[in-house]
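A.B. asks: Before we start, here is the structure in question, set down as structure tokens.
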Amino acid sequence: MPHATGSIARRAGRLLRTSLFAQVLLALLLGVLVGRLWPQAGSSLQPLGDGFVRLIKAVISPLVFCVVVAGITKAGDLKSFGRIGVKALIWFEAATSIALVVGLLAANVFSPGAGMHVDPASLDKGAVDARTGGGKLPSASQFVLEALPDSAVGAFAENSLLQVLVLACLVGAALLHLGQRRVPQLLPLIEQTQDVVFTIVGYIMKLAPLAVFGATAHLVGQYGLGAMSTYGKLIAVCYGVALVFLVLLGLALKAVTGLSLWKFVRYTREELLLALGTGSSETVMPRMMQKLRAAGCRDDAVGLVLPTGYSFNLDGAAIYLSVGTLFIAQAIGVHLSLGQQITVVLVLMLTSKGMAGVPGSAFLALSATATALGVIPAAAVALLLGVDRIMDSMRVATNLLGNCVAVFAVSRWEGALDRVTAKQVLAGAAPAGRAPRPAPAPAGQEEPDDAPVAPGEK
């Protein structure tokens with residue numbers, strides 16, 4: 001018996017040393033425990049999560065730039081890149097619209113705010129202003145204008161992914177025009193920079209368990225579990241709708257590519273758990289890009305569709321906004337007609353596109369929707385202040401999986417998906433013979449290790 005116990009302990013220790021999934025899961029459980037038992041101490045641990053997010057954000061822009069430029073030049077066809085962009089936008093709009101409609105249908109059926117009888121005059125409008133910092137969502141023209149860089153350095157310094165994408169497209173187009181004869185050293189330099197960035201990501205990922213521990217302890221310590229009873233029905237409806245939407249996404253993925261969403265979830269379980277623990281999908285963008293490429297998606301499709309989806313394809317946020325709007329209306333006793341609910345869908349289809357990177361963007365979008373309807377007081381948006389942070393896990397998981405499905409679907413649509421490799425990798429096989437990038441390394445240089453991938457997955 002002592003021998004068996006020792007053997008189990010050794011296996012558990014080995015698992016914790018080699019599996020990022022096990023490390024993050026343990027950190028998540030410890031964070032919940034610390035936040036529950038010592039709320040004040042847990043609330044003070046947020047800098048651990050914030051510091052990790054800052055480190056990851058520091059490498060996202062250069063990584064996206066390198067992947068997109070290399071993808072365009074290797075594809076050798078700028079028109080193909082343009083088609084990928086157009087098809088991605090079509091997919092994004094369809095997915096977001098379905099998420100909004102499913103959310104509204106569920107809110108009508110289950111009525112999460114019915115019976116609350118809240119007086120809007122009793123709510124503090126200033127609390128919403130404090131959460132949003134007095135900001136506002138950009139208009140459609142402003143959103144397009146801000147996607148165009150006015151400084152090459154500024155695009156990277158401000159971590160504006162859309163501006164970085166525009167710069168990458170221009171550089172990729174220029175490299176295609178000049179050709180390898182005139183700039184023979186530039187593409188290898190970009191590829192080597194990409195390898196360096198991936199290696200840096202591998203170093204940063206070693207801190208992931210600390211980040212999850214700090215973020216989870218802060219969430220439980222500051223917000224506690226009281227909101228679960230007050231907003232239990234709203235939380236259940238939002239998470240239930242997200243699950244239904246992911247099932248629909250899985251069916252769409254199967255129909256378009258023949259791939260299984262569940263197998264993809266198992267393949268990226270470490271990244272998904274990390275995103276859930278930190279409450280940010282940006283923390284796993286570099287690793288998701290690498291795993292999608294390893295799973296048969298072409299570089300140009302991954303480099304364009306995934307980062308663009310972070311601004312244009314916020315399916316989880318769309319579900320939360322649609323359910324939240326009806327929850328607020330039901331809580332204050334306002335009945336929304338079919339025409340008004342159609343207005344909700346149209347307004348949210350526009351406001352959800354400008355949410356990324358804006359502090360308190362969900363409340364700004366809800367306030368804009370309330371203003372457009374004219375029957376919901378803006379102060380009523382404060383009803384969601386107590387539950388917003390709890391919705392992060394739903395939004396993050398749905399947004400992230402929605403964008404990854406979009407990469408597979410658009411890649412298949414454009415003929416940029418190696419389905420044989422994809423099925424093998426998602427089934428658990430190593431991507432045999434597939435390097436992180438399709439082009440061979442320069443003579444005399446070894447292929448770099450796939451540093452950001454956990455040891456147990458090679």
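Ligands are numbered from 1 in the order shown, chains are lettered A, B, ... in the order of the structure tokens, and residues start at 1 in each chain.
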Extract, using only C-alpha atoms, all DNA, RNA and protein residues at most 10 Å from Trp413 of chain A, discarding same-chain residues fewer than 4 positions from it, and format them as a list in words.
C.D. replies: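 With the cut-off at 10 Å, the set is Arg83, Ile84, Lys87, Ala88, Val256, Thr257, Val407, Phe408, Ala409 and Leu417 of chain A.
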A.B. asks: Go ahead and save the picked residues with N, CA, C and O atoms, as a short mmCIF file (atom, residue, chain, number, x, y, z; two decimals), in the first residue's frame.
C.D. replies:
data_model
loop_
_atom_site.label_atom_id
_atom_site.label_comp_id
_atom_site.auth_asym_id
_atom_site.auth_seq_id
_atom_site.Cartn_x
_atom_site.Cartn_y
_atom_site.Cartn_z
N ARG A 83 -9.83 37.87 -50.44
CA ARG A 83 -11.01 36.99 -50.38
C ARG A 83 -11.20 36.42 -48.98
O ARG A 83 -12.32 36.29 -48.49
N ILE A 84 -10.09 36.06 -48.33
CA ILE A 84 -10.17 35.53 -46.97
C ILE A 84 -10.79 36.57 -46.04
O ILE A 84 -11.65 36.26 -45.22
N LYS A 87 -14.62 36.89 -46.78
CA LYS A 87 -15.34 35.71 -46.30
C LYS A 87 -15.38 35.67 -44.77
O LYS A 87 -16.38 35.24 -44.18
N ALA A 88 -14.30 36.14 -44.14
CA ALA A 88 -14.29 36.19 -42.67
C ALA A 88 -15.36 37.15 -42.17
O ALA A 88 -16.09 36.85 -41.21
N VAL A 256 -19.23 22.11 -42.46
CA VAL A 256 -18.35 22.83 -43.38
C VAL A 256 -17.01 22.13 -43.57
O VAL A 256 -16.47 22.07 -44.67
N THR A 257 -16.44 21.60 -42.47
CA THR A 257 -15.08 21.05 -42.54
C THR A 257 -14.99 19.57 -42.23
O THR A 257 -13.96 18.95 -42.51
N VAL A 407 -11.88 30.48 -38.14
CA VAL A 407 -10.62 30.21 -38.85
C VAL A 407 -10.72 28.93 -39.67
O VAL A 407 -10.36 28.89 -40.85
N PHE A 408 -11.24 27.87 -39.05
CA PHE A 408 -11.39 26.60 -39.77
C PHE A 408 -12.36 26.75 -40.95
O PHE A 408 -12.10 26.27 -42.05
N ALA A 409 -13.51 27.39 -40.70
CA ALA A 409 -14.54 27.50 -41.73
C ALA A 409 -14.06 28.33 -42.91
O ALA A 409 -14.23 27.93 -44.08
N LEU A 417 -7.20 24.90 -45.97
CA LEU A 417 -7.23 23.98 -44.83
C LEU A 417 -6.78 22.59 -45.28
O LEU A 417 -7.34 22.03 -46.22
#
A.B. asks: Residues of segment 291-329 of chain A within 8 Å of segment 335-346 of chain A: nearest atom pair and distance (Å, one decimal) for each, counting only C-alpha atoms, sorted by chain and number, as a Markdown table?
C.D. replies:
| residue | atom | partner | partner_atom | distance |
| --- | --- | --- | --- | --- |
| A:Ser322 | CA | A:Val344 | CA | 7.4 |
| A:Thr325 | CA | A:Val344 | CA | 8.0 |
| A:Leu326 | CA | A:Leu336 | CA | 7.9 |
| A:Ala329 | CA | A:His335 | CA | 6.7 |
A.B. asks: Atom CA of Phe143 of chain A and atom CA of Asp392 of chain A, how far apart in Å?
C.D. replies: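 Atom-to-atom, atom CA of Asp392 of chain A to atom CA of Phe143 of chain A, that is 24.0 Å.
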A.B. asks: For segment 154-166 of chain A, list every protein, DNA or RNA residue within 9 Å, evaluated using only C-alpha atoms, and leave out those in the same chain fewer than 4 positions away; present the list as a PyMOL selection string.
C.D. replies: chain A and resi 57-58+60-62+64-65+68+146-150+170-171+303-304+307-308+310-311+357
A.B. asks: Restrict the selected residues to N, CA and C atoms and save them as a compact mmCIF listing (two decimals), in the first residue's frame.
C.D. replies:
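Saved as result.txt:
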# COMPACT_ATOMS: atom_id res chain seq x y z
N LYS A 57 0.18 40.84 -23.93
CA LYS A 57 -0.18 41.90 -24.87
C LYS A 57 1.05 42.51 -25.53
N ALA A 58 2.17 42.49 -24.83
CA ALA A 58 3.39 43.09 -25.36
C ALA A 58 3.89 42.37 -26.61
N ILE A 60 1.73 40.38 -28.70
CA ILE A 60 0.68 40.06 -29.66
C ILE A 60 0.86 40.81 -30.97
N SER A 61 1.09 42.12 -30.90
CA SER A 61 1.18 42.92 -32.12
C SER A 61 2.34 42.48 -33.03
N PRO A 62 3.57 42.34 -32.51
CA PRO A 62 4.64 41.87 -33.39
C PRO A 62 4.39 40.47 -33.94
N VAL A 64 1.35 39.04 -34.60
CA VAL A 64 0.34 39.15 -35.66
C VAL A 64 0.97 39.73 -36.92
N PHE A 65 1.79 40.74 -36.77
CA PHE A 65 2.45 41.35 -37.93
C PHE A 65 3.30 40.33 -38.68
N VAL A 68 1.09 37.53 -40.43
CA VAL A 68 0.34 38.02 -41.58
C VAL A 68 1.27 38.30 -42.76
N GLU A 146 -10.26 54.79 -37.14
CA GLU A 146 -9.28 54.40 -36.13
C GLU A 146 -8.60 53.08 -36.45
N ALA A 147 -9.15 52.33 -37.42
CA ALA A 147 -8.49 51.10 -37.86
C ALA A 147 -7.32 51.41 -38.80
N LEU A 148 -7.24 52.66 -39.27
CA LEU A 148 -6.14 53.06 -40.16
C LEU A 148 -5.05 53.72 -39.33
N PRO A 149 -3.82 53.23 -39.42
CA PRO A 149 -2.74 53.78 -38.59
C PRO A 149 -2.29 55.16 -39.05
N ASP A 150 -2.05 56.07 -38.11
CA ASP A 150 -1.43 57.35 -38.46
C ASP A 150 0.04 57.37 -38.03
N LEU A 170 0.03 45.93 -45.96
CA LEU A 170 0.81 46.81 -46.83
C LEU A 170 2.23 46.27 -47.03
N VAL A 171 2.84 45.82 -45.93
CA VAL A 171 4.21 45.28 -46.03
C VAL A 171 4.20 43.99 -46.85
N GLY A 303 -3.55 34.22 -39.62
CA GLY A 303 -3.05 35.55 -39.31
C GLY A 303 -4.08 36.65 -39.52
N LEU A 304 -5.02 36.44 -40.45
CA LEU A 304 -6.02 37.47 -40.70
C LEU A 304 -7.31 37.22 -39.91
N PRO A 307 -7.09 37.37 -35.45
CA PRO A 307 -7.00 38.71 -34.84
C PRO A 307 -8.20 39.59 -35.20
N THR A 308 -8.68 39.50 -36.45
CA THR A 308 -9.83 40.31 -36.84
C THR A 308 -11.07 39.93 -36.04
N TYR A 310 -11.23 39.15 -33.03
CA TYR A 310 -11.21 39.75 -31.71
C TYR A 310 -11.92 41.10 -31.68
N SER A 311 -12.09 41.72 -32.85
CA SER A 311 -12.82 42.98 -32.93
C SER A 311 -14.21 42.83 -33.54
N GLY A 357 -11.50 46.50 -26.60
CA GLY A 357 -10.53 47.46 -26.10
C GLY A 357 -11.11 48.69 -25.45
A.B. asks: So which residues touch Tyr320 of chain A within 8 Å, counting only C-alpha atoms, skipping near sequence neighbours fewer than 5 positions away, as a ChimeraX atom specification?
C.D. replies: /A:103,238,391,395
A.B. asks: Quick check, in Å to one decimal: how far apart do atom CA of Ser367 of chain A and atom CA of Val347 of chain A lie?
C.D. replies: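 For atom CA of Ser367 of chain A relative to atom CA of Val347 of chain A, the distance reads 10.9 Å.
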A.B. asks: Considering only C-alpha atoms, can you say which of A:Leu167, A:Val59, A:Cys404, A:Leu426 comes closest to Trp91 of chain A?
C.D. replies: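 Using only C-alpha atoms, Trp91 of chain A sits closest to A:Cys404.
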A.B. asks: Nearest residue to Thr278 of chain A out of A:Leu248, A:Ala174, A:Val197, A:Ala215, using only C-alpha atoms?
C.D. replies: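 Comparing A:Leu248, A:Ala174, A:Val197, A:Ala215 against Thr278 of chain A, the winner is A:Ala215.
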